[in-house]
Amino acid sequence: MALCNHAQNARLAPPSSSTAVYKEECTQCFDNYDMAAGIDVCLTCFNGACPRTPTNHAHQHAMKSGHQLALNIRRVAKRTDDSNDGESPRPAKLTKLEIKEEVDNDSSKYEYQTFVRCWGCSGAVIDVDGDGNGNGERIRAVASAIMRAVEATKRSEIKAWTEEVTPCEHFESLTQTPGDGFTLDGLHTCSACEKHENLWMCLSCGHVGCGRRQYGGSGGNNHAISHYDQTGHKVSIKLGTITPEGSADAYCYACNDNKVDPRLAEHLKPFGINVLAQQKTEKSMAELQLEQNLKFDFSMTTADGEQLEPVAGPGLTGLRNLGNSCYMSSILQCIFNIDRFRDRYFPTAEDHFATCPKQNPADCVLCQLHKMASGLWSGRYAELQTDYDGKPAHQLGIPPAQFKDAIAQDHYEFSTMRQQDASEFFEHLNNQIGIAERAVAGGSMAPTTVFDFKTEERLQCLECKKVCYKTQQERSISLPMLKRRLNESDSQQTSSDDASAQKQEYAPVSIAECLDSMFGEELISDCPCPSCNKLVTMAKSTRFATFPKVLAVQVLRFEMVNFVPVKLNIPVRVPLGRIDFSAYRGYGIQPGEEPLPESDDGAKSDDASAPQEQPVDEAVVAQLESMGFPRVRCVKAVKATGNSGAEAAMGWVFEHMDDPTIDDPEEPQQQQQQQSALDPGAVEQLMAMGFEKASVEKALGATAGDANRALDFLLNMAGDESAGNDASAATGSVGPGSSQADDSPKHSGYELTGLVLHKGTSTHCGHYIANVRHGLTADESRWFMFNDARVAALKEPQTEQAYMCFFTRTDDDDDDDDR
């Protein structure tokens, strides 16, 4: 049809280079422009929506926003000359590792079919070429700009295997003097050993040394970093990575990070190295990391070498790897298998889309949670492919790019494309869901309450025998690993699906042994006793005050070796049947026990108007202490990073290692001075998330006015309304305002229903996968492996490689205990 009134009166402007354009996938479901209906891109706000029934999110967007005009885009694969009866040609044999930008060849593979439609005219197609008064030309200009624009989520994918590397001052202030005996022939071998690979040349003197043992699996002997320790020469480049364009892997030991040398050609001249004559002969660090991840990703076999059966269907939909996104995919598969998450977001998805007040669904956390649940459980996108032999092949999966952009927005780690820790993402995801859900009925429908529980901490003075009980709100527990080295004759080779293929150094441990270690009694010296009025030794133990509906357990698999986190290759054995946690239940103060009197500081802290000290995650403190750091540093680091996890706290310790007051105890007076002046903007910002003013002021006062740390404080203290509720919490009372709590003071029976596994040798490289159980009971259930987009049936879960475990409470009647 000719231009309608909507088209003639529309005020349109082409998208700028910074405008988000969603043209490949619907922002409310996973329909994309490769499907028959294509994707409608709003010509006003550039939202992408599907036009097909029954959802028709394009029409819904037009009715809600009043934006009637849309550009429909459909991508169609081109037929090639060597195609056979419409079939795609068999791909060429892979002979080398290459990282190519597929976008460059997009036009040779696909053609794009487009038209403009008006939803104000029931979706009628508009003829923009037949208008001669300029309106059609204006619409065509906007449509052309949309086609040229980079897809909003593609910006992140383009950076998937690149690193944000910048220059540093040490390359600019470089003093160069080739060392005695330097020759070009000596660049092929480490000067201290016989290594020929992973060689780094010092740009100050030309010394050649091999790299660290921990990086790239090259088996270096640390001779490059030893040269820095001995001479103080700060910068080096990796030989074999120099290109004629003047790039190479560069490293600054003073900054302890990968860097760029903007004057590489100039810096190589004193050593007689001509950049233009160089050829890249060795993989860069980014390529080595990519190669390692690809090795982990492609293994879909059992320990016996049996190929796993690909499956697909509702609840069996894979998630494509966006580039180091496996940590996120494994957590999502585990939590969306929990009935509370599924029931909250899957059946209500379309109702939420119709009523959500936010104009851009891509920026709405709740919209993306509903979209993810619908994508995983509808079964619409879980279809097995067929290989060239006609056999069932793995599904394509759905891309979680928009979900990641929404949930990780502005986060300094999760918004990047680097590999992250799955357990830290689990905490971040729960926090973000809690914030988003507070805008809906005050958070009463938040499914994250299934993880909430309370722990009971008991302290007993070993001199006066008096006791003190405290409770703390928790969302997960971290279990220490027990290291028992095997004899050389008992060492075994790891399973063939682990690319590292290292010998097993440690004996297997059971989950019960890890629990006994965590909940066992420990002695703490030099503790002030308010009854004895002196420093004494106290016995400390932790128990469950209540049991969560779903217990999230992190297995602490990493330890620090030469300030580098290294994985403990310890097999963990987890029973698949019912596990009773009643042995770890706390019962509060017992008959015959005498409570310790409250100190003056404790009495003051009971005043609700006084700012409370931020709670410290003792598990993280203990993890840092096990690395050799003093406790005062560990506590300061955990507080300074707002209980953000061991990695963030460890980074803080390294950054403040040279602070003259790092080992000084905190002064309460200084703390009070930090709490005295609160930023009204921060108060208003947190109150807008649904928190009470008194709670906000308390949180800001306890975190020196830092809004981000205050938010963590508020979320960690959710459900624990008052510090004075310790006694009721210890006996299982959930307290006021906790009517939605799922934790139980008596039911302690659990079954394993989800696992996150880590394959690899350290946090620098590796791969996460998930094992998830479908079915109500262990006898009636089936296990499945989720390896990014690939989903396969399992005979039994791979518990030995567990990094996180999810146990679901059975609520059996025999859990009752009237003690």
# chains A, B, ... in the order shown; residues from 1 in each chain; ligands from 1
>>> residues_around(residues="region 348-361 of chain A", least_positions_apart="4", cutoff="10 Å", atoms="only C-alpha atoms", output="VMD selection string")
chain A and resid 26 to 29 45 to 49 55 57 60 to 61 63 to 65 342 to 344 365 to 374 402 406
>>> residues_around(residues="region 235-239 of chain A", least_positions_apart="6", cutoff="6 Å", atoms="only C-alpha atoms", output="ChimeraX atom specification")
/A:199-203,249-252
>>> closest_residue(among="A:Tyr345, A:Phe786, A:Ala802, A:Arg458", to="Cys326 (chain A)", atoms="only C-alpha atoms")
A:Phe786
>>> select_by_dssp(residues="region 388-600 of chain A", states="alpha helix (DSSP H)", output="PyMOL selection string")
chain A and resi 401-407+422-437+511-519+600
>>> residues_around(residues="Ala622 (chain A)", least_positions_apart="2", cutoff="12 Å", atoms="only C-alpha atoms", output="list in words")
Ser478, Leu479, Pro480, Met518, Glu522, Leu556, Glu559, Val616, Asp617, Glu618, Ala619, Val620, Leu624, Glu625, Ser626, Met627, Gly628, Phe629, Pro630, Arg631, Val632, Arg633, Cys634, Val635, Val638, Gly645, Ala646 and Ala649 of chain A
>>> write_last_selection(atoms="C-alpha atoms", output="mmCIF file, in the first residue's frame")
data_model
loop_
_atom_site.group_PDB
_atom_site.id
_atom_site.type_symbol
_atom_site.label_atom_id
_atom_site.label_comp_id
_atom_site.auth_asym_id
_atom_site.auth_seq_id
_atom_site.Cartn_x
_atom_site.Cartn_y
_atom_site.Cartn_z
ATOM 1 C CA SER A 478 31.807 -22.887 51.075
ATOM 2 C CA LEU A 479 33.380 -26.226 51.896
ATOM 3 C CA PRO A 480 37.145 -26.577 52.425
ATOM 4 C CA MET A 518 33.539 -26.898 57.949
ATOM 5 C CA GLU A 522 38.149 -24.504 65.881
ATOM 6 C CA LEU A 556 36.863 -24.510 47.455
ATOM 7 C CA GLU A 559 44.595 -22.350 46.384
ATOM 8 C CA VAL A 616 32.253 -10.245 57.250
ATOM 9 C CA ASP A 617 32.126 -13.478 55.233
ATOM 10 C CA GLU A 618 34.248 -15.670 57.476
ATOM 11 C CA ALA A 619 34.572 -18.321 54.748
ATOM 12 C CA VAL A 620 36.342 -15.820 52.501
ATOM 13 C CA LEU A 624 42.594 -15.758 52.400
ATOM 14 C CA GLU A 625 44.208 -16.744 55.706
ATOM 15 C CA SER A 626 44.979 -20.174 54.238
ATOM 16 C CA MET A 627 46.993 -18.359 51.548
ATOM 17 C CA GLY A 628 49.256 -16.881 54.250
ATOM 18 C CA PHE A 629 47.795 -13.381 54.652
ATOM 19 C CA PRO A 630 47.385 -11.967 58.197
ATOM 20 C CA ARG A 631 43.827 -11.951 59.501
ATOM 21 C CA VAL A 632 43.677 -8.158 59.871
ATOM 22 C CA ARG A 633 44.448 -7.777 56.151
ATOM 23 C CA CYS A 634 41.890 -10.421 55.227
ATOM 24 C CA VAL A 635 39.127 -8.774 57.249
ATOM 25 C CA VAL A 638 36.581 -8.508 52.683
ATOM 26 C CA GLY A 645 34.279 -12.980 47.074
ATOM 27 C CA ALA A 646 37.829 -14.224 47.526
ATOM 28 C CA ALA A 649 39.390 -9.447 48.263
#
>>> atom_distance(atom1="CA of Thr808 (chain A)", atom2="CA of Thr449 (chain A)")
13.1 Å
>>> atom_distance(atom1="CA of Ala254 (chain A)", atom2="CA of Glu647 (chain A)")
20.2 Å
>>> closest_residue(among="A:Tyr587, A:Tyr768, A:Phe346, A:Phe691", to="Gly434 (chain A)", atoms="only C-alpha atoms")
A:Phe691
>>> atom_distance(atom1="CA of Asn431 (chain A)", atom2="CA of Gly754 (chain A)")
20.4 Å
>>> closest_residue(among="A:Leu268, A:Cys805, A:Leu3, A:Ala152", to="Ile139 (chain A)", atoms="only C-alpha atoms")
A:Leu3
>>> closest_residue(among="A:Asp229, A:Glu424, A:Asp185, A:Glu151", to="Thr19 (chain A)", atoms="only C-alpha atoms")
A:Glu151
>>> residues_around(residues="region 756-760 of chain A", least_positions_apart="5", cutoff="6 Å", atoms="only C-alpha atoms", output="ChimeraX atom specification")
/A:766-770,801-804
>>> closest_residue(among="A:Arg380, A:Asp742, A:Gly592, A:Lys466", to="Thr448 (chain A)", atoms="only C-alpha atoms")
A:Asp742
>>> residues_around(residues="region 112-119 of chain A", least_positions_apart="3", cutoff="8 Å", atoms="only C-alpha atoms", output="list in words")
His6, Ala7, His59, Ala62, Gln68, Leu69, Ala70, Leu71, Asn72, Ile73, Arg74, Arg75, Val76, Ser122, Gly123, Ala124, Val125, Ile126, Asp127 and Val128 of chain A
>>> residues_around(residues="Leu523 (chain A)", least_positions_apart="5", cutoff="10 Å", atoms="only C-alpha atoms", output="PyMOL selection string")
chain A and resi 459-462+537-541
